[in-house]
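Okay, so here's the structure we're looking at.
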Amino acid sequence: LSDKERRPRQSMIHYALIPFYFLKILFYFTRSPRVKEHVFPGVVEREEMKERLPAFDTIYNSRGLYRLAQCYFMVFGRLLPIKLNPTPDVMHWTCPIAARVVGAKNYYTVHDIIPLRLPYTTQDNKKFFYDMILRIVKSADKLVTVSEYSQKDILAYLPISRDKVINTYQNVFLSDDWSLN
């Protein structure tokens with residue numbers, strides 16, 4: 001099948017699976033997902049991670065959270081509310097995810113809006129992505145992006161004010177022995 005023929009079928013499969021998503025969401029309400037907390041007392045200074053990660057005190061991880069949030073959003077059209085104890089001051093989601101930590105400031109990294117600007121280059125569900133991004137924009141305390149071009153696209157195509165979009169730029173580390181040859 002060509003990409004054009006395959007894409008509508010993939011979208012139809014998502015909608016055909018909604019009853020199963022609904023069952024998964026019901027299971028969520030009876031037993032919320034397990035969240036593993038990894039605590040690092042004080043300012044983290046781990047040699048193996050020092051170059052790659054910013055300072056943090058705690059990392060939360062939950063297996064299957066991304067898919068659960070997608071299911072919840074498909075069924076209810078809202079972001080999955082997550083309660084953590086203790087509630088962090090800021091929850092930084094490193095990609096668009098249909099989830100929100102209740103009681104925390106929620107920051108979402110949106111690297112770009114390629115699925116909307118160049119829809120023929122990705123195979124994801126465009127309607128789902130657009131609806132989710134709109135909901136994230138409504139509820140986010142800040143959107144984080146990595147380039148001026150992405151920031152310009154976000155401001156042009158999404159209903160968000162300039163003061164809510166932070167551009168951190170993409171970091172590049174060039175070692176002394178690296179050359180352009």
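In the structure tokens, chains take letters A, B, ... by order of appearance, with residues numbered from 1 within each chain and ligands from 1 in the order shown.
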
Exercise for the section: Please provide the set of residues having any atom within 8 Å of Ser147 of chain A, restricted to only C-alpha atoms, with same-chain residues fewer than 6 positions apart removed, written as a PyMOL selection string. Expected result: chain A and resi 111+167-170

Identify, on the basis of only C-alpha atoms, every residue whose closest approach to Tyr107 of chain A does not exceed 9 Å; exclude the query and any residue fewer than 5 positions from it along the same chain; express the result as a CSV table (one decimal) with C-alpha atoms, in the first residue's frame.
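This is the output file selection25.csv:
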chain,number,residue,atom,x,y,z
A,90,VAL,CA,7.3,22.1,38.0
A,91,MET,CA,6.6,19.1,35.8
A,92,HIS,CA,8.6,19.3,32.6
A,93,TRP,CA,7.2,17.0,29.9
A,94,THR,CA,10.0,16.5,27.4
A,140,ALA,CA,0.3,24.6,29.8
A,141,ASP,CA,2.0,27.1,32.0
A,142,LYS,CA,4.8,27.3,29.4
A,143,LEU,CA,5.8,25.7,26.1
A,144,VAL,CA,9.4,25.1,25.5

For segment 116-135 of chain A against segment 79-84 of chain A, with a cut-off of 12 Å and counting only C-alpha atoms, what is the closest atom pair and its distance in Å to one decimal for every residue that makes the cut, ordered by chain and number, as a Markdown table?
| residue | atom | partner | partner_atom | distance |
| --- | --- | --- | --- | --- |
| A:Asp131 | CA | A:Leu79 | CA | 10.8 |
| A:Met132 | CA | A:Leu79 | CA | 8.1 |
| A:Ile133 | CA | A:Leu79 | CA | 10.4 |
| A:Leu134 | CA | A:Leu79 | CA | 10.8 |
| A:Arg135 | CA | A:Leu79 | CA | 7.3 |

Those residues you just picked out, can you put them in a file as a PDB file, in the first residue's frame with all heavy atoms?
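The result, written out as part-v3.pdb:
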ATOM      1  N   ASP A 131      -5.519  18.134  17.958  1.00  0.00           N
ATOM      2  CA  ASP A 131      -6.406  18.288  19.117  1.00  0.00           C
ATOM      3  C   ASP A 131      -5.616  18.260  20.423  1.00  0.00           C
ATOM      4  O   ASP A 131      -5.877  19.048  21.338  1.00  0.00           O
ATOM      5  CB  ASP A 131      -7.471  17.190  19.136  1.00  0.00           C
ATOM      6  CG  ASP A 131      -8.484  17.321  18.006  1.00  0.00           C
ATOM      7  OD1 ASP A 131      -8.541  18.401  17.372  1.00  0.00           O
ATOM      8  OD2 ASP A 131      -9.200  16.335  17.746  1.00  0.00           O
ATOM      9  N   MET A 132      -4.624  17.357  20.510  1.00  0.00           N
ATOM     10  CA  MET A 132      -3.817  17.252  21.726  1.00  0.00           C
ATOM     11  C   MET A 132      -2.978  18.514  21.923  1.00  0.00           C
ATOM     12  O   MET A 132      -2.914  19.055  23.033  1.00  0.00           O
ATOM     13  CB  MET A 132      -2.905  16.028  21.657  1.00  0.00           C
ATOM     14  CG  MET A 132      -2.047  15.854  22.909  1.00  0.00           C
ATOM     15  SD  MET A 132      -0.908  14.478  22.817  1.00  0.00           S
ATOM     16  CE  MET A 132       0.218  15.026  21.558  1.00  0.00           C
ATOM     17  N   ILE A 133      -2.344  19.009  20.861  1.00  0.00           N
ATOM     18  CA  ILE A 133      -1.535  20.229  20.976  1.00  0.00           C
ATOM     19  C   ILE A 133      -2.400  21.412  21.399  1.00  0.00           C
ATOM     20  O   ILE A 133      -1.991  22.213  22.249  1.00  0.00           O
ATOM     21  CB  ILE A 133      -0.801  20.525  19.645  1.00  0.00           C
ATOM     22  CG1 ILE A 133       0.336  19.533  19.441  1.00  0.00           C
ATOM     23  CG2 ILE A 133      -0.290  21.947  19.583  1.00  0.00           C
ATOM     24  CD1 ILE A 133       1.504  19.705  20.388  1.00  0.00           C
ATOM     25  N   LEU A 134      -3.599  21.526  20.846  1.00  0.00           N
ATOM     26  CA  LEU A 134      -4.493  22.623  21.259  1.00  0.00           C
ATOM     27  C   LEU A 134      -4.832  22.526  22.744  1.00  0.00           C
ATOM     28  O   LEU A 134      -4.845  23.531  23.454  1.00  0.00           O
ATOM     29  CB  LEU A 134      -5.773  22.625  20.428  1.00  0.00           C
ATOM     30  CG  LEU A 134      -5.652  23.124  19.001  1.00  0.00           C
ATOM     31  CD1 LEU A 134      -7.013  23.065  18.307  1.00  0.00           C
ATOM     32  CD2 LEU A 134      -5.095  24.535  18.945  1.00  0.00           C
ATOM     33  N   ARG A 135      -5.110  21.323  23.223  1.00  0.00           N
ATOM     34  CA  ARG A 135      -5.438  21.139  24.643  1.00  0.00           C
ATOM     35  C   ARG A 135      -4.225  21.443  25.519  1.00  0.00           C
ATOM     36  O   ARG A 135      -4.343  22.061  26.571  1.00  0.00           O
ATOM     37  CB  ARG A 135      -5.935  19.705  24.874  1.00  0.00           C
ATOM     38  CG  ARG A 135      -6.356  19.415  26.286  1.00  0.00           C
ATOM     39  CD  ARG A 135      -7.481  20.277  26.759  1.00  0.00           C
ATOM     40  NE  ARG A 135      -8.680  19.969  26.006  1.00  0.00           N
ATOM     41  CZ  ARG A 135      -9.857  20.501  26.263  1.00  0.00           C
ATOM     42  NH1 ARG A 135     -10.004  21.342  27.262  1.00  0.00           N
ATOM     43  NH2 ARG A 135     -10.897  20.204  25.529  1.00  0.00           N
TER      44      ARG A 135
END

Handout entry: Residue nearest Asn85 of chain A - candidates A:Thr121, A:Val102, A:Ser62, A:Tyr130, atoms counted: only C-alpha atoms
Key = A:Val102

Handout entry: Atom pair atom CA of Asp153 of chain A / atom CA of Ala99 of chain A: separation (Å)
Key =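 A separation of 22.9 Å between them.
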
Practice task
Tell me, in Å to one decimal, how far atom CA of Phe129 of chain A is from atom CA of Arg117 of chain A.
Solution key: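 Atom CA of Arg117 of chain A lies 11.9 Å from atom CA of Phe129 of chain A.
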
Handout entry: Atom-to-atom span, atom CA of Asp124 of chain A and atom CA of Gln70 of chain A, Å
Key =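 Separating atom CA of Asp124 of chain A from atom CA of Gln70 of chain A is a distance of 12.5 Å.
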